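*Asks:* Okay, handing you the structure first.
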Amino acid sequence: MPAPRRPRTTPIRTKVVGLALVGMSPLLMPVEVAPSTPTAQPSQHPNIVVIMLDDARLDDLDYMPKTQRRLVSAGAEFTNFYAPTPLCCPARAAFLSGQYGHNNAVLSNQARYGGFASFDDQSTLATWLDPTYATAWIGKYFNGYADSADDSYIPPGWDRWAAPIRGTWEYKNHTLNVDGALRSYRGVYSTDVYWRQTRRFIQERASGSEPFFVVTSYLAPHTGVPRELDDPETLGTPNVELEYRDTYVGPSPSESPAYNEVDMADKRPSVRNNVLLADEQTAAIAELNAQRRESLRSVDDKVAATLRVLREAGELDNTFVILASDNGYLLGEHRIPVGKHHPYEPSNHIPLVVRGPGIQPRVVDGLIGMHDLAPTILQLADLWGQQGDFPIDGKDFSRMLAGARPQHEKRSIVLEISDNQGGYRYHGIVRQDGWKYIEFTTDGVNEVEMYDLSADPYELHNLSDDPHYADVRAELDATLRRLMYCAADTCE
């Protein structure tokens with residue numbers, strides 16, 4: 001794997017789409033196509049609130065009823081949002097830098113090829129927004145942050161900081177670095193802790209002269225302790241607050257056509273050789289799914305509470321609220337009991353919702369990646385250019401919030417992940433027109449999987465060796481070669 005360049009400087013749900021954008025701000029006036037570069041902004045700087053979920057799948061959003069009513073139904077729901085590297089640290093690095101992992105050096109959760117130690121935090125979304133914005137990071141940061149030598153370390157650009165330094169994956173026993181001082185929270189649910197810090201920040205800043213930018217990075221539905229179920233061979237579970245335990249009513253993962261896939265002959269060897277899941281594994285996965293969605297009910301409450309606090313402070317109409325997940329999670333699809341680093345849809349196709357000034361309820365099918373959030377936030381904040389000569393790979397998608405169509409149907413997003421040994425486990429692309437193309441390297445052998453997601457959303461039929469699609473494969477392969485190490489303007 002070449003040395004990463006260090007920075008120098010699922011089916012679409014139906015929704016009623018509003019066509020008349022009455023009273024829309026100049027930022028979100030409709031245009032025919034999304035521009036490839038940012039355009040002029042109004043002078044006012046709106047507040048920006050980001051709510052980041054951890055390991056939430058695209059379909060998990062359907063089981064957050066308050067979020068559906070108060071955020072999704074009032075905003076733009078993106079149905080083609082992808083994590084280029086579906087792991088915790090690479091997702092956060094892409095969000096903060098606007099870069100792919102091959103440029104920001106975070107392609108894994110582990111040190112040397114990823115994690116806290118690999119990320120250069122000297123130039124990020126926080127430093128670009130500061131000092132115009134009052135900035136806050138609250139909640140889970142990078143794997144390895146808890147192991148850093150200085151427990152009081154705060155990355156540049158953050159005016160308020162509250163991140164776990166110990167007990168990162170513990171729901172009720174953790175210690176946070178709060179503005180440089182360590183505070184222990186024992187017996188207090190982490191979702192509540194992060195929400196209280198968020199509420200305090202909003203209430204303090206709402207009456208000030210500065211606009212504010214706050215990221216609340218919740219743990220749910222990531223596995224954590226204490227938990228009811230802990231099967232070392234398959235899975236663990238999150239912790240669920242008492243009021244939501246055993247309340248889930250909904251489908252089991254086994255209802256997916258990809259679950260425990262019968263015919264795996266077209267998959268790569270490392271997946272093809274997976275044995276069929278046993279009955280006890282199916283039961284454990286069903287329970288994990290239930291507890292994941294029950295843990296999200298607590299976050300669901302906090303989404304509603306965030307909107308309420310913004311309204312009470314008189315700031316809701318001047319605030320963009322963005323809800324996203326860092327990556328998804330496999331639950332038995334393709335005989336994989338659990339996991340998130342695979343390039344399959346449940347792992348890298350994730351939720352994104354944006355509510356804010358001038359946005360009418362709509363479904364947006366434009367292809368968006370985690371690395372596109374940073375340039376879009378800069379554009380919404382009227383601060384494009386504050387990044388200086390820092391090379392951003394992502395593209396601003398703010399015009400799509402007003403109904404602009406994607407710039408072109410063959411826009412592609414790179415999919416990549418480290419093998420933690422100096423190479424890549426896979427390289428691939430997903431394209432606006434629905435094609436996904438992945439090249440795996442296993443024991444020095446390259447194998448390809450290629451899916452037409454518009455016809456095969458569950459990725460059951462690998463078309464890479466089908467002669468009828470030879471031209472498509474050649475085109476996708478050429479696109480992958482062009483983009484796999486792209487940077488800045490070459491990431492088209």
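The chains in the structure tokens are called A, B, ... from first to last as shown; in each chain the residues are counted from 1, and the ligands are counted from 1 in the order shown.
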Run DSSP on the backbone and grab whatever in stretch 312-390 of chain A lands in strand (DSSP E or B); send it over as a list in words.

*Replies:*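 Checking each residue of stretch 312-390 of chain A, the strand (DSSP E or B) ones are Thr319, Phe320, Val321, Ile322, Leu323, Ala324, Ser325, Leu330, Glu333, Gly339, His349, Ile350, Pro351, Leu352, Val353, Val354, Arg355, Arg362, Val363, Val364, Ile368 and Gly369 of chain A.
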
*Asks:* Output the selection as a PDB file, in the first residue's frame - C-alpha atoms for each residue.

*Replies:*
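Output saved as selection_28.pdb:
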```pdb
ATOM      1  CA  THR A 319     -29.945  25.693  12.499  1.00  0.00           C
ATOM      2  CA  PHE A 320     -29.009  22.855  10.185  1.00  0.00           C
ATOM      3  CA  VAL A 321     -29.419  19.533  11.996  1.00  0.00           C
ATOM      4  CA  ILE A 322     -27.532  16.648  10.385  1.00  0.00           C
ATOM      5  CA  LEU A 323     -28.009  13.033  11.487  1.00  0.00           C
ATOM      6  CA  ALA A 324     -25.671  10.363  10.140  1.00  0.00           C
ATOM      7  CA  SER A 325     -24.047   7.079  11.077  1.00  0.00           C
ATOM      8  CA  LEU A 330     -23.805  -6.829   8.914  1.00  0.00           C
ATOM      9  CA  GLU A 333     -25.999 -11.313   5.434  1.00  0.00           C
ATOM     10  CA  GLY A 339     -19.187  -7.119  11.111  1.00  0.00           C
ATOM     11  CA  HIS A 349     -24.789   2.126   2.897  1.00  0.00           C
ATOM     12  CA  ILE A 350     -25.847   4.294   5.818  1.00  0.00           C
ATOM     13  CA  PRO A 351     -28.426   6.888   6.937  1.00  0.00           C
ATOM     14  CA  LEU A 352     -28.120  10.645   6.412  1.00  0.00           C
ATOM     15  CA  VAL A 353     -30.802  13.245   7.114  1.00  0.00           C
ATOM     16  CA  VAL A 354     -30.472  17.039   6.970  1.00  0.00           C
ATOM     17  CA  ARG A 355     -33.052  19.485   8.310  1.00  0.00           C
ATOM     18  CA  ARG A 362     -37.778  15.364   0.257  1.00  0.00           C
ATOM     19  CA  VAL A 363     -35.956  12.169  -0.630  1.00  0.00           C
ATOM     20  CA  VAL A 364     -32.565  12.755  -2.257  1.00  0.00           C
ATOM     21  CA  ILE A 368     -22.917  11.106  -1.239  1.00  0.00           C
ATOM     22  CA  GLY A 369     -19.946   9.951   0.828  1.00  0.00           C
TER      23      GLY A 369
END
```

*Asks:* Would you pick out the contacts of stretch 393-400 of chain A at 6 Å or less, using only C-alpha atoms, so that residues sharing its chain but fewer than 4 positions from it are not included, and give the list as a list in words?

*Replies:*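 Skipping anything fewer than 4 positions along the chain leaves Ala34, Gly98, Gln99, His371, Asp372, Pro375, Thr376, Ala404, Ala487, Ala488 and Cys491 of chain A.
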
*Asks:* Those same residues, written as a CSV table (one decimal), in the first residue's frame with N, CA and C atoms?

*Replies:*
```
chain,number,residue,atom,x,y,z
A,34,ALA,N,-26.1,20.0,-9.5
A,34,ALA,CA,-25.3,20.4,-8.3
A,34,ALA,C,-23.9,20.9,-8.9
A,98,GLY,N,-12.6,15.7,5.2
A,98,GLY,CA,-13.1,15.8,3.9
A,98,GLY,C,-12.3,15.0,2.9
A,99,GLN,N,-11.5,14.1,3.4
A,99,GLN,CA,-10.6,13.3,2.6
A,99,GLN,C,-10.9,11.8,2.7
A,371,HIS,N,-17.0,11.7,3.2
A,371,HIS,CA,-16.0,12.8,3.0
A,371,HIS,C,-16.6,14.0,2.4
A,372,ASP,N,-17.9,13.9,1.9
A,372,ASP,CA,-18.6,15.1,1.4
A,372,ASP,C,-19.2,16.0,2.4
A,375,PRO,N,-16.9,19.6,3.2
A,375,PRO,CA,-17.1,20.7,2.3
A,375,PRO,C,-18.5,21.3,2.3
A,376,THR,N,-19.5,20.4,2.5
A,376,THR,CA,-20.9,20.9,2.5
A,376,THR,C,-21.1,21.7,3.8
A,404,ALA,N,-31.8,20.0,-6.3
A,404,ALA,CA,-30.9,19.9,-7.5
A,404,ALA,C,-30.6,18.4,-7.8
A,487,ALA,N,-6.9,12.5,-5.3
A,487,ALA,CA,-6.8,13.6,-4.3
A,487,ALA,C,-7.5,14.8,-4.9
A,488,ALA,N,-8.2,15.5,-4.0
A,488,ALA,CA,-8.8,16.8,-4.3
A,488,ALA,C,-9.6,16.8,-5.6
A,491,CYS,N,-10.7,13.7,-7.7
A,491,CYS,CA,-11.7,12.7,-7.1
A,491,CYS,C,-13.1,13.0,-7.7
```

*Asks:* Could you produce a table of the residues of stretch 272-323 of chain A lying within 12 Å of stretch 189-212 of chain A, with the nearest pair of atoms per residue and their separation in Å rounded to one decimal, using only C-alpha atoms, ordered by chain and increasing residue number, as a Markdown table?

*Replies:*
```
| residue | atom | partner | partner_atom | distance |
| --- | --- | --- | --- | --- |
| A:Ser295 | CA | A:Thr191 | CA | 9.3 |
| A:Leu296 | CA | A:Thr191 | CA | 9.5 |
| A:Arg297 | CA | A:Thr191 | CA | 10.4 |
| A:Ser298 | CA | A:Thr191 | CA | 7.0 |
| A:Val299 | CA | A:Thr191 | CA | 6.6 |
| A:Asp300 | CA | A:Thr191 | CA | 10.2 |
| A:Asp301 | CA | A:Thr191 | CA | 9.7 |
| A:Lys302 | CA | A:Trp195 | CA | 6.5 |
| A:Val303 | CA | A:Trp195 | CA | 9.1 |
| A:Ala304 | CA | A:Trp195 | CA | 11.1 |
| A:Ala305 | CA | A:Arg199 | CA | 8.6 |
| A:Thr306 | CA | A:Arg199 | CA | 7.1 |
| A:Leu307 | CA | A:Arg199 | CA | 10.3 |
| A:Arg308 | CA | A:Arg199 | CA | 10.1 |
| A:Val309 | CA | A:Arg199 | CA | 7.0 |
| A:Leu310 | CA | A:Ile202 | CA | 7.4 |
| A:Arg311 | CA | A:Ala206 | CA | 10.5 |
| A:Glu312 | CA | A:Gln203 | CA | 9.2 |
| A:Ala313 | CA | A:Ala206 | CA | 6.2 |
| A:Gly314 | CA | A:Ala206 | CA | 7.9 |
| A:Glu315 | CA | A:Ala206 | CA | 6.9 |
| A:Leu316 | CA | A:Ala206 | CA | 10.2 |
| A:Asn318 | CA | A:Pro211 | CA | 9.4 |
| A:Thr319 | CA | A:Phe212 | CA | 9.0 |
| A:Phe320 | CA | A:Phe212 | CA | 10.5 |
| A:Val321 | CA | A:Phe212 | CA | 11.7 |
```

*Asks:* Could the residues in this selection be written to a file with C-alpha atoms, as a short mmCIF file (atom, residue, chain, number, x, y, z; two decimals), in the first residue's frame?

*Replies:*
```cif
data_model
loop_
_atom_site.label_atom_id
_atom_site.label_comp_id
_atom_site.auth_asym_id
_atom_site.auth_seq_id
_atom_site.Cartn_x
_atom_site.Cartn_y
_atom_site.Cartn_z
CA SER A 295 -30.58 1.20 22.37
CA LEU A 296 -31.35 3.63 19.56
CA ARG A 297 -34.66 4.54 21.19
CA SER A 298 -32.71 6.46 23.82
CA VAL A 299 -30.89 8.40 21.09
CA ASP A 300 -34.25 8.90 19.41
CA ASP A 301 -35.40 10.70 22.55
CA LYS A 302 -32.31 12.93 22.43
CA VAL A 303 -32.86 13.84 18.79
CA ALA A 304 -36.32 15.10 19.72
CA ALA A 305 -34.89 16.85 22.79
CA THR A 306 -32.22 18.56 20.68
CA LEU A 307 -34.86 19.99 18.37
CA ARG A 308 -36.91 21.08 21.38
CA VAL A 309 -33.98 22.90 23.01
CA LEU A 310 -33.16 24.62 19.73
CA ARG A 311 -36.78 25.74 19.43
CA GLU A 312 -36.91 26.97 23.03
CA ALA A 313 -33.71 28.93 22.45
CA GLY A 314 -35.18 30.52 19.33
CA GLU A 315 -32.51 28.91 17.14
CA LEU A 316 -34.31 26.08 15.34
CA ASN A 318 -31.50 29.12 11.90
CA THR A 319 -29.94 25.69 12.50
CA PHE A 320 -29.01 22.85 10.19
CA VAL A 321 -29.42 19.53 12.00
#
```

*Asks:* Would you compute the distance between atom CA of A:Leu453 and atom CA of A:Gly428? Give it in Å to one decimal.

*Replies:*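 Rounded to one decimal, the two atoms are 14.3 Å apart.
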
*Asks:* Skipping near chain neighbours, those fewer than 6 positions away, what residues fall within 9 Å of A:Thr168 using only C-alpha atoms, listed as a PyMOL selection string?

*Replies:* chain A and resi 139-141+143+146+174-176+219+224
